[in-house]
$ cat entry28.csv   # CSV, C-alpha atoms and all ligand atoms
chain,number,residue,atom,x,y,z
H,1,MET,CA,22.2,20.5,5.8
H,2,PRO,CA,23.2,24.2,5.6
H,3,VAL,CA,21.9,26.5,8.2
H,4,ASN,CA,19.1,28.7,6.9
H,5,SER,CA,18.8,32.4,7.4
H,6,THR,CA,15.3,33.4,8.4
H,7,THR,CA,13.1,34.9,5.7
H,8,ALA,CA,13.0,38.1,7.9
H,9,GLU,CA,16.8,38.4,7.5
H,10,ILE,CA,16.6,37.8,3.8
H,11,ALA,CA,13.8,40.4,3.5
H,12,ALA,CA,15.9,42.9,5.4
H,13,ALA,CA,18.9,42.3,3.2
H,14,LEU,CA,16.7,42.8,0.1
H,15,ARG,CA,15.3,46.0,1.5
H,16,THR,CA,18.8,47.3,2.3
H,17,ALA,CA,20.2,46.6,-1.1
H,18,ARG,CA,20.0,49.2,-3.8
H,19,ARG,CA,20.9,47.2,-6.9
H,20,VAL,CA,20.0,43.5,-7.0
H,21,ALA,CA,20.6,40.8,-9.6
H,22,VAL,CA,18.2,37.9,-9.6
H,23,VAL,CA,19.3,34.7,-11.3
H,24,ALA,CA,18.3,31.0,-11.7
H,25,HIS,CA,19.6,27.9,-13.4
H,26,VAL,CA,20.6,27.2,-16.9
H,27,ARG,CA,17.9,25.8,-19.3
H,28,PRO,CA,15.3,27.6,-17.1
H,29,ASP,CA,11.9,26.0,-16.5
H,30,GLY,CA,8.7,27.6,-15.3
H,31,ASP,CA,9.7,27.7,-11.7
H,32,ALA,CA,13.1,29.3,-12.5
H,33,VAL,CA,11.7,32.0,-14.8
H,34,GLY,CA,8.6,32.6,-12.7
H,35,SER,CA,10.5,32.9,-9.5
H,36,VAL,CA,13.1,35.2,-11.0
H,37,LEU,CA,10.5,37.5,-12.5
H,38,GLY,CA,8.2,37.4,-9.5
H,39,LEU,CA,10.9,38.5,-7.2
H,40,ALA,CA,12.4,41.0,-9.7
H,41,LEU,CA,9.1,42.7,-10.3
H,42,SER,CA,8.3,43.0,-6.6
H,43,LEU,CA,11.7,44.5,-5.9
H,44,ARG,CA,11.3,47.0,-8.8
H,45,THR,CA,8.0,48.1,-7.4
H,46,LEU,CA,9.9,48.7,-4.1
H,47,GLY,CA,12.2,51.1,-6.0
H,48,LYS,CA,15.2,48.8,-6.4
H,49,GLU,CA,17.3,48.6,-9.5
H,50,VAL,CA,16.9,44.9,-10.5
H,51,ILE,CA,18.8,42.9,-13.1
H,52,ALA,CA,16.9,39.7,-14.1
H,53,LEU,CA,19.7,37.5,-15.4
H,54,LEU,CA,19.4,34.1,-17.1
H,55,GLU,CA,22.3,32.3,-18.7
H,56,ASP,CA,20.1,31.0,-21.5
H,57,GLY,CA,17.4,33.7,-21.5
H,58,VAL,CA,13.7,33.0,-21.4
H,59,PRO,CA,12.4,30.1,-23.5
H,60,GLY,CA,9.7,31.0,-26.0
H,61,ASN,CA,7.0,29.1,-24.2
H,62,LEU,CA,7.4,31.4,-21.1
H,63,ALA,CA,7.8,34.7,-23.1
H,64,PHE,CA,4.2,35.6,-22.1
H,65,LEU,CA,5.2,36.1,-18.5
H,66,PRO,CA,5.1,39.8,-17.4
H,67,GLY,CA,8.7,41.2,-17.2
H,68,SER,CA,10.2,38.5,-19.4
H,69,ASP,CA,11.3,41.2,-21.9
H,70,THR,CA,13.5,42.6,-19.1
H,71,VAL,CA,15.5,39.5,-18.7
H,72,ILE,CA,19.1,39.8,-19.9
H,73,GLN,CA,21.7,37.2,-20.7
H,74,PRO,CA,25.2,37.8,-19.3
H,75,GLY,CA,27.1,40.2,-21.6
H,76,ALA,CA,30.6,41.6,-21.6
H,77,GLY,CA,30.4,44.3,-19.0
H,78,PRO,CA,30.5,43.8,-15.2
H,79,LEU,CA,27.4,44.1,-13.1
H,80,GLU,CA,27.2,46.9,-10.5
H,81,VAL,CA,25.1,45.2,-7.9
H,82,ASP,CA,25.4,44.9,-4.2
H,83,LEU,CA,23.3,41.8,-3.8
H,84,ALA,CA,22.6,38.7,-6.0
H,85,VAL,CA,19.8,36.2,-5.4
H,86,ALA,CA,20.1,32.7,-6.9
H,87,LEU,CA,16.7,30.9,-7.2
H,88,ASP,CA,15.8,27.3,-7.8
H,89,THR,CA,19.4,26.4,-8.4
H,90,ALA,CA,20.8,23.3,-6.6
H,91,THR,CA,24.5,24.0,-7.1
H,92,HIS,CA,26.3,27.3,-7.6
H,93,GLU,CA,27.6,26.1,-11.0
H,94,ARG,CA,24.1,25.6,-12.3
H,95,ILE,CA,23.5,29.4,-12.7
H,96,GLY,CA,25.8,29.0,-15.7
H,97,GLU,CA,29.4,29.7,-16.4
H,98,ARG,CA,29.0,33.3,-17.6
H,99,CYS,CA,26.5,34.2,-14.9
H,100,LYS,CA,28.8,32.8,-12.2
H,101,ALA,CA,31.8,34.8,-13.5
H,102,LEU,CA,29.7,37.9,-13.6
H,103,LEU,CA,28.2,37.5,-10.1
H,104,ASP,CA,31.4,36.2,-8.4
H,105,PRO,CA,32.5,39.7,-7.3
H,106,VAL,CA,29.1,40.6,-5.8
H,107,PRO,CA,29.5,41.0,-2.0
H,108,LEU,CA,26.5,38.9,-1.0
H,109,LEU,CA,24.8,36.0,-2.7
H,110,VAL,CA,21.4,34.9,-1.3
H,111,ASN,CA,20.6,31.3,-2.2
H,112,ILE,CA,16.8,30.4,-2.2
H,113,ASP,CA,15.8,26.9,-3.3
H,114,HIS,CA,13.8,23.8,-2.7
H,115,HIS,CA,16.3,21.1,-3.9
H,116,PRO,CA,17.2,19.0,-0.9
H,117,ALA,CA,20.8,18.5,-2.2
H,118,ASN,CA,21.5,22.2,-2.3
H,119,PRO,CA,24.7,22.6,-0.2
H,120,GLY,CA,24.0,26.2,0.9
H,121,TYR,CA,26.5,27.9,-1.4
H,122,GLY,CA,25.2,31.4,-0.6
H,123,GLY,CA,26.3,33.9,2.0
H,124,MET,CA,22.7,33.7,3.1
H,125,ASN,CA,20.7,30.5,2.4
H,126,PHE,CA,17.0,29.5,2.6
H,127,ILE,CA,16.6,25.9,1.5
H,128,ASP,CA,13.1,24.4,2.0
H,129,SER,CA,12.9,21.0,0.5
H,130,ASP,CA,9.3,20.6,1.7
H,131,SER,CA,8.3,23.4,-0.7
H,132,PRO,CA,7.0,22.0,-4.0
H,133,ALA,CA,8.3,25.1,-5.9
H,134,THR,CA,10.8,27.9,-5.4
H,135,GLY,CA,7.8,30.1,-6.4
H,136,GLN,CA,6.0,29.1,-3.3
H,137,ILE,CA,9.0,30.1,-1.1
H,138,ILE,CA,9.1,33.5,-2.9
H,139,TYR,CA,5.4,34.1,-2.4
H,140,ASN,CA,5.7,33.3,1.3
H,141,LEU,CA,8.8,35.6,1.6
H,142,LEU,CA,6.9,38.5,-0.1
H,143,SER,CA,3.6,38.1,1.7
H,144,GLU,CA,5.1,37.5,5.2
H,145,HIS,CA,7.3,40.6,5.0
H,146,GLY,CA,5.1,43.0,3.2
H,147,LEU,CA,7.0,43.1,0.0
H,148,PRO,CA,4.9,44.3,-3.0
H,149,ILE,CA,2.7,41.7,-4.7
H,150,ASP,CA,0.7,42.8,-7.8
H,151,ASP,CA,-1.0,41.0,-10.6
H,152,ALA,CA,2.3,40.7,-12.6
H,153,VAL,CA,4.0,39.1,-9.6
H,154,ARG,CA,1.1,36.7,-9.1
H,155,GLN,CA,1.2,35.6,-12.7
H,156,ASN,CA,4.8,34.8,-12.4
H,157,LEU,CA,4.6,33.0,-9.1
H,158,PHE,CA,1.5,31.1,-10.0
H,159,THR,CA,3.1,29.9,-13.2
H,160,ALA,CA,6.2,28.8,-11.2
H,161,ILE,CA,4.1,26.9,-8.7
H,162,SER,CA,1.7,25.4,-11.3
H,163,THR,CA,4.5,24.1,-13.6
H,164,ASP,CA,6.7,22.6,-10.7
H,165,THR,CA,3.7,20.8,-9.2
H,166,GLY,CA,2.4,19.4,-12.5
H,167,SER,CA,-0.7,21.6,-12.0
H,168,PHE,CA,-1.0,20.8,-8.3
H,169,GLN,CA,-0.8,17.1,-8.8
H,170,PHE,CA,2.6,15.9,-7.6
H,171,SER,CA,3.1,14.6,-4.1
H,172,CYS,CA,5.0,17.6,-2.8
H,173,THR,CA,1.9,19.8,-3.4
H,174,ASN,CA,0.6,20.8,0.1
H,175,ALA,CA,-2.2,22.7,1.7
H,176,ARG,CA,-0.2,25.9,1.6
H,177,THR,CA,0.2,25.5,-2.2
H,178,HIS,CA,-3.5,25.5,-2.6
H,179,ARG,CA,-4.0,28.4,-0.1
H,180,ILE,CA,-1.5,30.5,-2.1
H,181,ALA,CA,-3.5,29.7,-5.3
H,182,ALA,CA,-6.7,30.7,-3.5
H,183,GLU,CA,-5.2,33.9,-2.2
H,184,MET,CA,-4.1,34.7,-5.8
H,185,ILE,CA,-7.6,34.0,-7.2
H,186,ASP,CA,-9.2,36.1,-4.4
H,187,ALA,CA,-6.9,38.9,-5.5
H,188,GLY,CA,-8.2,38.6,-9.0
H,189,LEU,CA,-5.7,36.5,-10.8
H,190,ASP,CA,-7.0,34.9,-14.0
H,191,THR,CA,-5.8,31.4,-13.6
H,192,ALA,CA,-7.8,30.0,-16.6
H,193,ARG,CA,-5.9,32.5,-18.8
H,194,LEU,CA,-2.6,31.3,-17.4
H,195,ALA,CA,-3.6,27.6,-17.9
H,196,ARG,CA,-4.3,28.4,-21.5
H,197,LEU,CA,-1.0,30.2,-22.0
H,198,VAL,CA,1.0,27.5,-20.2
H,199,TYR,CA,-0.7,24.2,-21.2
H,200,GLN,CA,-2.7,25.0,-24.3
H,201,SER,CA,-0.4,27.2,-26.4
H,202,TYR,CA,2.2,24.7,-27.5
H,203,PRO,CA,3.9,25.0,-30.9
H,204,ARG,CA,3.1,22.1,-33.3
H,205,ARG,CA,6.7,20.9,-33.0
H,206,ARG,CA,6.1,19.9,-29.4
H,207,LEU,CA,3.3,17.6,-30.5
H,208,GLU,CA,5.6,16.2,-33.2
H,209,LEU,CA,8.1,15.4,-30.4
H,210,MET,CA,5.3,13.9,-28.4
H,211,ARG,CA,4.3,11.8,-31.4
H,212,ASP,CA,7.8,10.4,-31.6
H,213,MET,CA,7.8,9.7,-27.9
H,214,LEU,CA,4.6,7.7,-28.1
H,215,ASN,CA,5.8,5.8,-31.1
H,216,THR,CA,9.2,4.9,-29.7
H,217,MET,CA,8.8,4.7,-25.9
H,218,GLU,CA,10.3,1.6,-24.4
H,219,PHE,CA,9.0,-0.4,-21.4
H,220,ARG,CA,10.9,-2.4,-18.9
H,221,ALA,CA,10.4,-4.2,-15.6
H,222,GLY,CA,7.0,-5.5,-16.8
H,223,GLY,CA,5.8,-2.0,-17.8
H,224,ARG,CA,6.9,-0.3,-14.5
H,225,VAL,CA,9.7,1.6,-16.2
H,226,VAL,CA,9.2,3.6,-19.4
H,227,SER,CA,11.8,5.6,-21.2
H,228,TRP,CA,12.2,7.7,-24.4
H,229,GLN,CA,15.4,8.7,-26.2
H,230,LEU,CA,15.2,12.2,-27.8
H,231,LYS,CA,17.8,12.1,-30.5
H,232,GLN,CA,19.6,14.9,-32.2
H,233,LYS,CA,18.1,14.0,-35.6
H,234,LEU,CA,14.5,14.5,-34.3
H,235,MET,CA,15.5,17.8,-32.8
H,236,ASP,CA,16.8,18.9,-36.1
H,237,ASP,CA,13.8,17.6,-38.0
H,238,VAL,CA,11.3,19.5,-36.0
H,239,ALA,CA,13.6,22.5,-35.4
H,240,MET,CA,13.3,22.1,-31.6
H,241,GLN,CA,13.5,25.2,-29.5
H,242,PRO,CA,14.3,25.6,-25.8
H,243,GLY,CA,11.3,24.8,-23.7
H,244,ASP,CA,9.6,22.5,-26.2
H,245,THR,CA,10.2,19.4,-24.1
H,246,GLU,CA,9.3,20.9,-20.7
H,247,GLY,CA,6.8,18.6,-19.0
H,248,LEU,CA,6.8,16.1,-21.9
H,249,ILE,CA,7.9,13.4,-19.5
H,250,ASP,CA,4.6,13.9,-17.6
H,251,THR,CA,2.8,12.2,-20.4
H,252,LEU,CA,4.8,9.0,-19.7
H,253,ARG,CA,3.7,9.0,-16.1
H,254,MET,CA,0.1,8.9,-17.2
H,255,ILE,CA,0.4,5.2,-17.9
H,256,ASP,CA,-1.1,3.1,-15.1
H,257,SER,CA,1.6,0.5,-14.8
H,258,VAL,CA,4.4,3.0,-14.8
H,259,VAL,CA,6.4,3.6,-11.5
H,260,SER,CA,9.2,5.5,-13.0
H,261,CYS,CA,9.8,7.3,-16.3
H,262,VAL,CA,13.0,8.6,-17.9
H,263,VAL,CA,13.8,10.8,-20.9
H,264,PHE,CA,17.3,10.7,-22.4
H,265,GLU,CA,18.2,13.7,-24.6
H,266,ASP,CA,21.2,14.3,-26.8
H,267,VAL,CA,22.9,17.6,-25.6
H,268,ALA,CA,26.1,19.4,-26.7
H,269,GLY,CA,29.5,17.8,-26.4
H,270,GLY,CA,28.4,14.2,-26.9
H,271,LYS,CA,26.6,14.3,-23.6
H,272,VAL,CA,23.2,12.9,-22.7
H,273,ARG,CA,20.8,14.7,-20.4
H,274,VAL,CA,18.7,12.4,-18.2
H,275,SER,CA,15.4,13.4,-16.6
H,276,ALA,CA,13.9,10.8,-14.3
H,277,ARG,CA,10.6,10.8,-12.4
H,278,SER,CA,9.1,8.5,-9.8
H,279,LYS,CA,5.5,7.9,-8.9
H,280,ASP,CA,6.3,5.8,-5.8
H,281,GLU,CA,8.0,7.2,-2.7
H,282,ARG,CA,10.0,4.0,-2.4
H,283,VAL,CA,11.8,4.6,-5.7
H,284,ASP,CA,14.2,7.5,-5.1
H,285,VAL,CA,15.3,8.7,-8.5
H,286,SER,CA,17.6,11.3,-7.0
H,287,GLY,CA,19.7,8.5,-5.5
H,288,ILE,CA,20.0,6.9,-8.9
H,289,CYS,CA,20.9,10.1,-10.6
H,290,ALA,CA,23.5,10.8,-7.9
H,291,GLN,CA,25.2,7.6,-9.0
H,292,PHE,CA,25.7,9.3,-12.4
H,293,GLY,CA,26.8,12.6,-11.0
H,294,GLY,CA,23.4,14.2,-10.9
H,295,GLY,CA,20.7,14.8,-8.3
H,296,GLY,CA,17.5,16.7,-7.6
H,297,HIS,CA,14.3,15.7,-5.8
H,298,ARG,CA,13.3,12.2,-4.6
H,299,MET,CA,10.5,12.0,-7.2
H,300,ALA,CA,12.1,14.2,-9.9
H,301,SER,CA,15.8,14.3,-10.7
H,302,GLY,CA,18.3,14.6,-13.5
H,303,ALA,CA,21.8,13.8,-14.5
H,304,ARG,CA,24.2,14.3,-17.4
H,305,MET,CA,26.0,11.2,-18.8
H,306,ARG,CA,28.5,10.6,-21.5
H,307,GLY,CA,27.0,9.4,-24.8
H,308,PRO,CA,26.1,7.8,-27.1
H,309,ILE,CA,22.5,8.0,-26.0
H,310,ASN,CA,21.6,4.3,-26.2
H,311,GLU,CA,24.6,3.3,-24.1
H,312,ALA,CA,23.8,5.9,-21.5
H,313,ALA,CA,20.2,4.7,-21.5
H,314,GLU,CA,21.2,1.1,-21.0
H,315,LYS,CA,23.4,1.9,-18.0
H,316,PHE,CA,20.9,4.1,-16.3
H,317,LEU,CA,17.9,1.8,-16.9
H,318,LYS,CA,19.8,-1.2,-15.6
H,319,VAL,CA,20.2,0.5,-12.2
H,320,LEU,CA,16.6,1.9,-12.3
H,321,GLU,CA,15.2,-1.5,-13.2
H,322,ASP,CA,16.9,-3.1,-10.2
H,323,GLU,CA,15.6,-0.4,-7.9
H,324,VAL,CA,12.1,-0.8,-9.2
H,325,ARG,CA,12.1,-4.5,-8.9
H,326,ARG,CA,13.4,-4.2,-5.3
H,327,ILE,CA,10.0,-2.7,-4.1
H,328,ASP,CA,8.0,-5.7,-5.3
H,401,MN,MN,11.9,24.2,-8.9

$ encode --input "entry28.csv" --output "structure tokens" --more "lines below"
Ligand SMILES: [Mn+2]
Amino acid sequence: MPVNSTTAEIAAALRTARRVAVVAHVRPDGDAVGSVLGLALSLRTLGKEVIALLEDGVPGNLAFLPGSDTVIQPGAGPLEVDLAVALDTATHERIGERCKALLDPVPLLVNIDHHPANPGYGGMNFIDSDSPATGQIIYNLLSEHGLPIDDAVRQNLFTAISTDTGSFQFSCTNARTHRIAAEMIDAGLDTARLARLVYQSYPRRRLELMRDMLNTMEFRAGGRVVSWQLKQKLMDDVAMQPGDTEGLIDTLRMIDSVVSCVVFEDVAGGKVRVSARSKDERVDVSGICAQFGGGGHRMASGARMRGPINEAAEKFLKVLEDEVRRID
């Protein structure tokens, strides 16, 4: 485990810096975008010049977040910043090739994350694997050290926490998570509006993807494992956009018999993206993903495999099925 800096040391470094870049992982989810914008907006209120940087930009489903219009993707020119912060990103490479090249010359990289496998690649690190979302770490950092928190910051950090906890349902959700939500509501945050924007504003294509998922999902191990293969043809047919599939896997976990669910997705270069979830502490999907070069959290992990998709699925599910049968 890397040695953590204290949040006080990180807050002091942020206060000292004049120009800051804030970055998160490729294919950003709600926690990545919400954490980047929550921290970026707070630091801007503090008078810092802040570059919010995402290799793949903001997916359409999160474009409602305040500040999302200020996010830039890496361009040609160098960045004149004296501090970079990587959020929610388990490995340095996962900020993206172009982001990494752009940020390599920056004198100090601060790495803030909740993925247990994070090796501590920053000059300063704060890895808290007990935190259900990076957004929760950022909220604690801001509130403990008197950094600005306004409604726009709350909207971003609430969305980060809500999406990474499956709306406060997953096992990592703790009392602090609910206290943060309560503090935000006390401060006037309209959480019903955010719920509508995050969970009730899907494009029809997402439901078309879900229809295919329900029609073609496959069960194994007596219904304890369920999986779905999201193939390129379907993506083309529905004109899939980034963000359309975020959280789709959580529909699979609704099934009573299911202990673990997996989505396989065709991605560029003949690769297959694997997303795996567990509903039982005894089934560690991060260990299985690690066997295929991936990783993540015990109950939520991912990997990238060589295609074709049905062969990758067969290999992965074989290992998962053995693991699930072991807990009988
Ligand atoms: Mn996260």

$ residues_near_ligand --input "entry28.csv" --ligand "ligand MN 401 (chain H)" --cutoff "10 Å" --atoms "all atoms listed in the file" --output "PDB file with C-alpha atoms, in the frame of the given file"
ATOM      1  CA  ALA H  24      18.300  31.000 -11.700  1.00  0.00           C
ATOM      2  CA  HIS H  25      19.600  27.900 -13.400  1.00  0.00           C
ATOM      3  CA  PRO H  28      15.300  27.600 -17.100  1.00  0.00           C
ATOM      4  CA  ASP H  29      11.900  26.000 -16.500  1.00  0.00           C
ATOM      5  CA  GLY H  30       8.700  27.600 -15.300  1.00  0.00           C
ATOM      6  CA  ASP H  31       9.700  27.700 -11.700  1.00  0.00           C
ATOM      7  CA  ALA H  32      13.100  29.300 -12.500  1.00  0.00           C
ATOM      8  CA  VAL H  33      11.700  32.000 -14.800  1.00  0.00           C
ATOM      9  CA  GLY H  34       8.600  32.600 -12.700  1.00  0.00           C
ATOM     10  CA  SER H  35      10.500  32.900  -9.500  1.00  0.00           C
ATOM     11  CA  LEU H  87      16.700  30.900  -7.200  1.00  0.00           C
ATOM     12  CA  ASP H  88      15.800  27.300  -7.800  1.00  0.00           C
ATOM     13  CA  THR H  89      19.400  26.400  -8.400  1.00  0.00           C
ATOM     14  CA  ALA H  90      20.800  23.300  -6.600  1.00  0.00           C
ATOM     15  CA  ASP H 113      15.800  26.900  -3.300  1.00  0.00           C
ATOM     16  CA  HIS H 114      13.800  23.800  -2.700  1.00  0.00           C
ATOM     17  CA  HIS H 115      16.300  21.100  -3.900  1.00  0.00           C
ATOM     18  CA  SER H 129      12.900  21.000   0.500  1.00  0.00           C
ATOM     19  CA  SER H 131       8.300  23.400  -0.700  1.00  0.00           C
ATOM     20  CA  PRO H 132       7.000  22.000  -4.000  1.00  0.00           C
ATOM     21  CA  ALA H 133       8.300  25.100  -5.900  1.00  0.00           C
ATOM     22  CA  THR H 134      10.800  27.900  -5.400  1.00  0.00           C
ATOM     23  CA  GLY H 135       7.800  30.100  -6.400  1.00  0.00           C
ATOM     24  CA  GLN H 136       6.000  29.100  -3.300  1.00  0.00           C
ATOM     25  CA  ALA H 160       6.200  28.800 -11.200  1.00  0.00           C
ATOM     26  CA  ILE H 161       4.100  26.900  -8.700  1.00  0.00           C
ATOM     27  CA  THR H 163       4.500  24.100 -13.600  1.00  0.00           C
ATOM     28  CA  ASP H 164       6.700  22.600 -10.700  1.00  0.00           C
ATOM     29  CA  THR H 165       3.700  20.800  -9.200  1.00  0.00           C
ATOM     30  CA  GLY H 296      17.500  16.700  -7.600  1.00  0.00           C
ATOM     31  CA  HIS H 297      14.300  15.700  -5.800  1.00  0.00           C
TER      32      HIS H 297
END

$ residues_around --input "entry28.csv" --residues "stretch 238-244 of chain H" --least-positions-apart "5" --cutoff "6 Å" --atoms "all atoms listed in the file" --output "PyMOL selection string"
chain H and resi 59+205-206

$ closest_residue --input "entry28.csv" --among "H:Leu189, H:Met217, H:Val106, H:Ile72" --to "H:Asp151" --atoms "all atoms listed in the file"
H:Leu189

$ residues_around --input "entry28.csv" --residues "H:Ile112" --least-positions-apart "4" --cutoff "9 Å" --atoms "all atoms listed in the file" --output "PyMOL selection string"
chain H and resi 85-89+120+122+124-128+134+137-138

$ residues_around --input "entry28.csv" --residues "H:Arg282" --least-positions-apart "5" --cutoff "10 Å" --atoms "all atoms listed in the file" --output "list of chain:residue names"
H:Val259, H:Arg298, H:Met299, H:Glu323, H:Val324, H:Arg326, H:Ile327

$ atom_distance --input "entry28.csv" --atom1 "atom CA of H:Leu194" --atom2 "atom CA of H:Thr7"
28.2 Å

$ atom_distance --input "entry28.csv" --atom1 "atom CA of H:Pro66" --atom2 "atom CA of H:Val153"
7.9 Å

$ closest_residue --input "entry28.csv" --among "H:Arg176, H:Arg273, H:Arg94, H:Lys100" --to "H:Arg304" --atoms "all atoms listed in the file"
H:Arg273

$ closest_residue --input "entry28.csv" --among "H:Glu55, H:Val50, H:Gly67, H:Lys279" --to "H:Leu83" --atoms "only C-alpha atoms"
H:Val50

$ atom_distance --input "entry28.csv" --atom1 "atom CA of H:Leu109" --atom2 "atom CA of H:Ala84"
4.8 Å

$ closest_residue --input "entry28.csv" --among "H:Met254, H:Val3, H:Ala175, H:Ala52" --to "H:Cys99" --atoms "only C-alpha atoms"
H:Ala52

$ residues_near_point --input "entry28.csv" --point "(29.3, 18.0, -12.3)" --cutoff "9 Å" --atoms "only C-alpha atoms" --output "tab-separated table (two decimals) with C-alpha atoms, in the coordinates of the input"
chain	number	residue	atom	x	y	z
H	93	GLU	CA	27.60	26.10	-11.00
H	293	GLY	CA	26.80	12.60	-11.00
H	294	GLY	CA	23.40	14.20	-10.90
H	303	ALA	CA	21.80	13.80	-14.50
H	304	ARG	CA	24.20	14.30	-17.40

$ closest_residue --input "entry28.csv" --among "H:Leu142, H:Lys315, H:Gly270, H:Thr245" --to "H:Pro203" --atoms "all atoms listed in the file"
H:Thr245
